[in-house]
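Since the structure comes first, as structure tokens, the remarks are kept for the end.
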Amino acid sequence: MKRLSLTAWILIALVAGVAFGTALPGPAKELGILGTIFLRLIKSIIAPLLFATLVVGIAGTGSVKTMGRIGGKAILYFEIVTTIALFVGLGAANLVQPGLGIELTKGAAPAVDRSATSLAQILEHTFPTSIIDSMARGDVLQIVVFTFLFGTACAAIGIKARPMVDFCESLAQVMFKFTNYVMLFAPFGVFGAMAATIGEHGLKVLFNLGKLVLTLYAAEAFFVVVVFGSVVAIVRIPARRFIHYVKEPYLIAFSTASSEAALPRALENMEKFGVPKHIVSFVLPTGYSFNLDGSTLYLSLAAMFVAEAAGVHLPFGTQIIMMLTLMLTSKGVAGVPRASLVILAGTLGSFNLPIEGIAVILGVDTLMDMARTSVNLLGNCLATAVVARWEGVKLPEHGLEPVEAEALAS
């Protein structure tokens with residue numbers, strides 16, 4: 001009998017968690033600890049893994065100019081794709097109009113911190129005052145900024161930095177092995193997280209505000225198939241191999257609603273796919289702040305949903321301005337808890353829309369978070385492959401065995 005893969009076990013755990021939460025909601029609520037343990041283990045990996053892989057990647061190129069070129073291409077791609085995502089969300093909202101017929105309950109607005117949404121505060125949040133503090137808080141963007149400068153310094157001084165680069169290379173290998181050990185616990189974590197969610201909210205979480213949820217899932221599916229599919233075809237990325245290497249981190253992101261939980265495995269798998277280490281280690285974590293395709297699509301849909309529920313008609317010109325606002329304010333807040341709700345609250349306030357609409361969305365936010373988080377992860381994995389092809393890297397089209405990514409760089 002063929003041995004089941006980890007991906008299969010995660011999928012089984014996902015279904016089993018839903019079934020257990022439905023049958024035994026009381027005990028299921030207590031199983032949330034399994035999901036919490038898994039996420040804490042994963043978060044303990046992220047800071048040392050990002051630091052090690054990015055330093056090795058930048059120092060390995062030996063060229064600050066090369067990294068600047070890669071960064072420019074990545075940002076350009078991020079902006080194009082996230083803009084398309086905003087248009088897709090806006091189109092879905094106008095086509096389906098999921099907010100019509102819902103009456104907002106006036107009252108106390110939910111406590112959502114909007115302090116991190118101004119441009120000045122976003123820029124300030126980008127730069128760390130202490131890398132130790134940034135690592136302790138798991139602030140991916142600040143870690144990337146510090147490590148990029150650190151790796152650049154290592155590349156600039158050359159041979160004298162070799163001991164540090166060797167240390168980081170060893171650290172990266174240790175952390176990948178550490179990740180493999182933690183992933184053995186993934187099915188239990190997924191089972192506990194799903195069981196606790198269903199046990200707490202019941203199956204109604206799958207049906208409450210169903211029109212909004214179905215609209216989001218349909219829009220995200222359209223975006224993945226049409227937009228990502230077009231990118232794969234245009235850039236000539238081997239689709240079958242790409243799906244093979246992203247399906248596991250995708251399932252982890254979907255079932256835990258956490259991009260961080262899928263990051264270590266995504267870094268490892270994209271290297272196996274054939275993307276050079278210096279591209280993976282820079283583009284993937286940077287995309288966590290600048291390439292949130294699923295979240296930006298959700299934001300435009302959710303903002304229009306609140307407007308429709310409040311009976312506020314937004315002219316097309318206002319909708320475009322709102323999209324431009326979302327495009328700017330959704331950058332660089334990945335370290336903020338429930339970042340999408342933070343940005344949504346700020347946008348609603350800017351356009352005089354009732355923030356009470358967030359209270360309506362909160363009922364199904366967990367379910368929608370699963371969709372937008374997994375699409376974010378998928379989009380960032382695709383971005384690494386796109387930038388690699390843009391840099392002239394030939395990605396292998398056949399075979400599913402791990403490959404040495406660095407050897408494939410042109």
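We label chains A, B, ... in the order they appear in the structure tokens, count residues from 1 in each chain, and number ligands from 1 in the order shown.
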Leaving out A:Asn352 and any residue of its chain fewer than 3 positions from it, which residues lie within 10 Å of it when counting only C-alpha atoms, given as a list in words?
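Surrounding residues, per the criterion: Ala307, Val312, Thr347, Leu348, Gly349 and Ile355 of chain A.
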How close does each residue of stretch 120-202 of chain A get to stretch 250-256 of chain A, giving the shortest atom pair and distance in Å to one decimal for every residue with an atom at most 10 Å away, counting only C-alpha atoms, sorted by chain and residue number, as CSV?
residue,atom,partner,partner_atom,distance
A:Met183,CA,A:Ile252,CA,9.7
A:Ala186,CA,A:Ile252,CA,7.9
A:Pro187,CA,A:Ile252,CA,9.2
A:Gly189,CA,A:Thr256,CA,8.2
A:Val190,CA,A:Ser255,CA,6.1
A:Phe191,CA,A:Ser255,CA,8.8
A:Gly192,CA,A:Thr256,CA,9.8
A:Ala193,CA,A:Thr256,CA,6.7
A:Met194,CA,A:Ser255,CA,7.2
Restricting the output to C-alpha atoms, write the selected residues as an mmCIF file, in the first residue's frame.
data_model
loop_
_atom_site.group_PDB
_atom_site.id
_atom_site.type_symbol
_atom_site.label_atom_id
_atom_site.label_comp_id
_atom_site.auth_asym_id
_atom_site.auth_seq_id
_atom_site.Cartn_x
_atom_site.Cartn_y
_atom_site.Cartn_z
ATOM 1 C CA MET A 183 5.578 19.572 9.735
ATOM 2 C CA ALA A 186 0.866 19.703 10.902
ATOM 3 C CA PRO A 187 -2.063 17.246 10.532
ATOM 4 C CA GLY A 189 -2.540 21.229 14.225
ATOM 5 C CA VAL A 190 -4.900 21.455 11.251
ATOM 6 C CA PHE A 191 -7.326 19.005 12.871
ATOM 7 C CA GLY A 192 -7.365 20.970 16.144
ATOM 8 C CA ALA A 193 -7.759 24.367 14.452
ATOM 9 C CA MET A 194 -10.666 23.244 12.256
#
List every residue of stretch 31-194 of chain A that DSSP, applied to the backbone of this structure, places in helix (DSSP H, G or I), and write the result as number ranges by chain.
A: 32-61, 64-96, 119-126, 131-137, 140-183, 186-194
Deliver the residues from the most recent selection as a file, using C-alpha atoms, as a short mmCIF file (atom, residue, chain, number, x, y, z; two decimals), in the first residue's frame.
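Writing the result to again.cif gives the following:
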data_model
loop_
_atom_site.label_atom_id
_atom_site.label_comp_id
_atom_site.auth_asym_id
_atom_site.auth_seq_id
_atom_site.Cartn_x
_atom_site.Cartn_y
_atom_site.Cartn_z
CA GLY A 32 -7.76 24.65 19.57
CA ILE A 33 -4.59 24.18 21.64
CA LEU A 34 -3.27 21.82 18.93
CA GLY A 35 -3.54 24.54 16.31
CA THR A 36 -1.99 27.07 18.69
CA ILE A 37 1.00 24.79 19.37
CA PHE A 38 1.55 24.22 15.65
CA LEU A 39 1.45 27.95 14.85
CA ARG A 40 3.82 28.76 17.73
CA LEU A 41 6.31 26.17 16.48
CA ILE A 42 6.10 27.56 12.96
CA LYS A 43 6.54 31.15 14.14
CA SER A 44 9.69 30.12 16.01
CA ILE A 45 11.21 29.08 12.67
CA ILE A 46 10.47 32.18 10.60
CA ALA A 47 12.96 34.76 11.97
CA PRO A 48 16.13 32.59 11.91
CA LEU A 49 15.13 31.00 8.58
CA LEU A 50 14.48 34.33 6.87
CA PHE A 51 17.69 35.82 8.23
CA ALA A 52 19.83 32.85 7.18
CA THR A 53 18.39 32.28 3.71
CA LEU A 54 18.34 35.96 2.74
CA VAL A 55 21.91 36.61 3.89
CA VAL A 56 23.15 33.55 1.99
CA GLY A 57 21.13 34.50 -1.08
CA ILE A 58 22.33 38.11 -1.25
CA ALA A 59 25.95 37.33 -0.36
CA GLY A 60 25.92 34.46 -2.86
CA THR A 61 25.13 36.78 -5.77
CA VAL A 64 24.28 44.53 -4.95
CA LYS A 65 23.28 45.58 -8.47
CA THR A 66 21.79 42.14 -9.12
CA MET A 67 19.65 42.26 -5.98
CA GLY A 68 18.50 45.78 -6.83
CA ARG A 69 17.44 44.60 -10.27
CA ILE A 70 15.57 41.61 -8.80
CA GLY A 71 13.87 43.86 -6.25
CA GLY A 72 12.75 46.30 -8.95
CA LYS A 73 11.27 43.53 -11.07
CA ALA A 74 9.52 42.01 -8.05
CA ILE A 75 7.92 45.31 -7.00
CA LEU A 76 6.76 46.00 -10.58
CA TYR A 77 5.15 42.56 -10.79
CA PHE A 78 3.58 42.96 -7.33
CA GLU A 79 1.94 46.26 -8.29
CA ILE A 80 0.53 44.96 -11.58
CA VAL A 81 -0.99 41.82 -10.07
CA THR A 82 -2.42 43.45 -6.93
CA THR A 83 -4.03 46.16 -9.08
CA ILE A 84 -5.72 43.44 -11.15
CA ALA A 85 -6.85 41.79 -7.89
CA LEU A 86 -8.51 45.03 -6.76
CA PHE A 87 -10.37 45.30 -10.09
CA VAL A 88 -11.54 41.69 -9.84
CA GLY A 89 -12.91 42.28 -6.32
CA LEU A 90 -14.60 45.51 -7.44
CA GLY A 91 -16.13 43.76 -10.47
CA ALA A 92 -17.42 40.88 -8.36
CA ALA A 93 -19.04 43.28 -5.88
CA ASN A 94 -20.81 45.25 -8.62
CA LEU A 95 -21.91 42.10 -10.45
CA VAL A 96 -23.28 40.09 -7.50
CA LEU A 119 1.56 56.55 4.90
CA ALA A 120 4.00 58.02 7.43
CA GLN A 121 3.30 55.28 9.97
CA ILE A 122 3.57 52.56 7.32
CA LEU A 123 7.00 53.90 6.29
CA GLU A 124 8.08 54.17 9.91
CA HIS A 125 6.87 50.62 10.57
CA THR A 126 9.07 49.35 7.71
CA ILE A 131 16.31 43.41 14.91
CA ILE A 132 15.92 41.39 18.12
CA ASP A 133 12.59 43.11 18.81
CA SER A 134 11.48 42.57 15.19
CA MET A 135 12.34 38.89 15.39
CA ALA A 136 10.55 38.53 18.72
CA ARG A 137 7.39 40.04 17.23
CA VAL A 140 8.52 39.90 8.44
CA LEU A 141 8.95 43.24 6.68
CA GLN A 142 11.35 44.65 9.28
CA ILE A 143 13.35 41.41 9.28
CA VAL A 144 13.64 41.56 5.48
CA VAL A 145 14.78 45.21 5.51
CA PHE A 146 17.45 44.59 8.14
CA THR A 147 18.64 41.35 6.58
CA PHE A 148 18.78 42.86 3.10
CA LEU A 149 21.16 45.56 4.37
CA PHE A 150 23.12 43.00 6.39
CA GLY A 151 23.47 40.66 3.39
CA THR A 152 24.44 43.58 1.17
CA ALA A 153 27.21 44.49 3.63
CA CYS A 154 28.42 40.87 3.58
CA ALA A 155 28.51 40.93 -0.23
CA ALA A 156 30.38 44.24 -0.22
CA ILE A 157 33.27 43.18 2.07
CA GLY A 158 33.74 39.87 0.24
CA ILE A 159 36.03 37.20 1.66
CA LYS A 160 36.10 38.66 5.17
CA ALA A 161 32.38 37.92 5.50
CA ARG A 162 32.84 34.25 4.53
CA PRO A 163 32.61 32.92 8.13
CA MET A 164 29.30 34.74 8.65
CA VAL A 165 27.90 33.48 5.33
CA ASP A 166 29.01 29.92 6.16
CA PHE A 167 27.28 30.20 9.53
CA CYS A 168 24.08 31.41 7.89
CA GLU A 169 24.23 28.60 5.34
CA SER A 170 24.51 26.04 8.14
CA LEU A 171 21.72 27.78 10.07
CA ALA A 172 19.45 27.64 7.00
CA GLN A 173 20.01 23.90 6.59
CA VAL A 174 19.33 23.30 10.28
CA MET A 175 16.12 25.33 10.12
CA PHE A 176 14.89 23.43 7.04
CA LYS A 177 15.43 20.16 8.92
CA PHE A 178 13.70 21.71 11.95
CA THR A 179 10.79 22.60 9.65
CA ASN A 180 10.53 18.97 8.51
CA TYR A 181 10.18 17.86 12.13
CA VAL A 182 7.53 20.51 12.87
CA MET A 183 5.58 19.57 9.74
CA ALA A 186 0.87 19.70 10.90
CA PRO A 187 -2.06 17.25 10.53
CA PHE A 188 -2.72 17.43 14.29
CA GLY A 189 -2.54 21.23 14.22
CA VAL A 190 -4.90 21.46 11.25
CA PHE A 191 -7.33 19.01 12.87
CA GLY A 192 -7.36 20.97 16.14
CA ALA A 193 -7.76 24.37 14.45
CA MET A 194 -10.67 23.24 12.26
#
How many Å separate atom CA of A:Tyr288 from atom CA of A:Glu260?
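Rounded to one decimal, the two atoms are 9.0 Å apart.
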Find the residues of stretch 240-291 of chain A that sit at most 6 Å from stretch 383-400 of chain A; for each, write down the nearest two atoms and how far apart they are in Å, to one decimal. Count only C-alpha atoms. Sort by chain, then by number going up, and give it as JSON lines.
{"residue": "A:Gly274", "atom": "CA", "partner": "A:Leu395", "partner_atom": "CA", "distance": 5.6}
{"residue": "A:Val280", "atom": "CA", "partner": "A:Thr384", "partner_atom": "CA", "distance": 5.7}
{"residue": "A:Val283", "atom": "CA", "partner": "A:Thr384", "partner_atom": "CA", "distance": 5.8}
Those residues you just picked out, can you put them in a file as a PDB file, in the first residue's frame with N, CA and C atoms?
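The resulting file, again18.pdb, is reproduced below:
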ATOM      1  N   GLY A 274      13.007  24.835  -8.516  1.00  0.00           N
ATOM      2  CA  GLY A 274      14.039  25.276  -9.446  1.00  0.00           C
ATOM      3  C   GLY A 274      14.355  26.748  -9.407  1.00  0.00           C
ATOM      4  N   VAL A 280      14.298  33.265  -4.272  1.00  0.00           N
ATOM      5  CA  VAL A 280      13.279  32.772  -3.346  1.00  0.00           C
ATOM      6  C   VAL A 280      13.356  33.511  -2.019  1.00  0.00           C
ATOM      7  N   VAL A 283      12.264  37.442  -2.761  1.00  0.00           N
ATOM      8  CA  VAL A 283      10.950  37.754  -3.325  1.00  0.00           C
ATOM      9  C   VAL A 283       9.821  37.231  -2.449  1.00  0.00           C
TER      10      VAL A 283
END
Extract, using only C-alpha atoms, all DNA, RNA and protein residues at most 9 Å from A:Phe223, discarding same-chain residues fewer than 2 positions from it, and format them as a list in words.
Ile84, Ala85, Val88, Ala218, Ala219, Glu220, Ala221, Val225, Val226, Val227, Phe228, Gly229, Asp293, Gly294, Leu297 and Val375 of chain A
Find the distance between atom CA of A:Gly21 and atom CA of A:Pro249 and write it in Å to one decimal.
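Atom CA of A:Gly21 sits 23.7 Å away from atom CA of A:Pro249.
Distance check against A:Ile10 using only C-alpha atoms: of A:Thr318, A:Ile237, A:Ser281, A:Leu184, the minimum falls on A:Leu184.
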Could you state the separation of atom CA of A:Leu267 and atom CA of A:Thr286 in Å, given to one decimal place?
12.1 Å
Counting only C-alpha atoms, which of A:Asp369, A:Gln319, A:Phe20, A:Ser5 gets nearest to A:His244?
A:Ser5
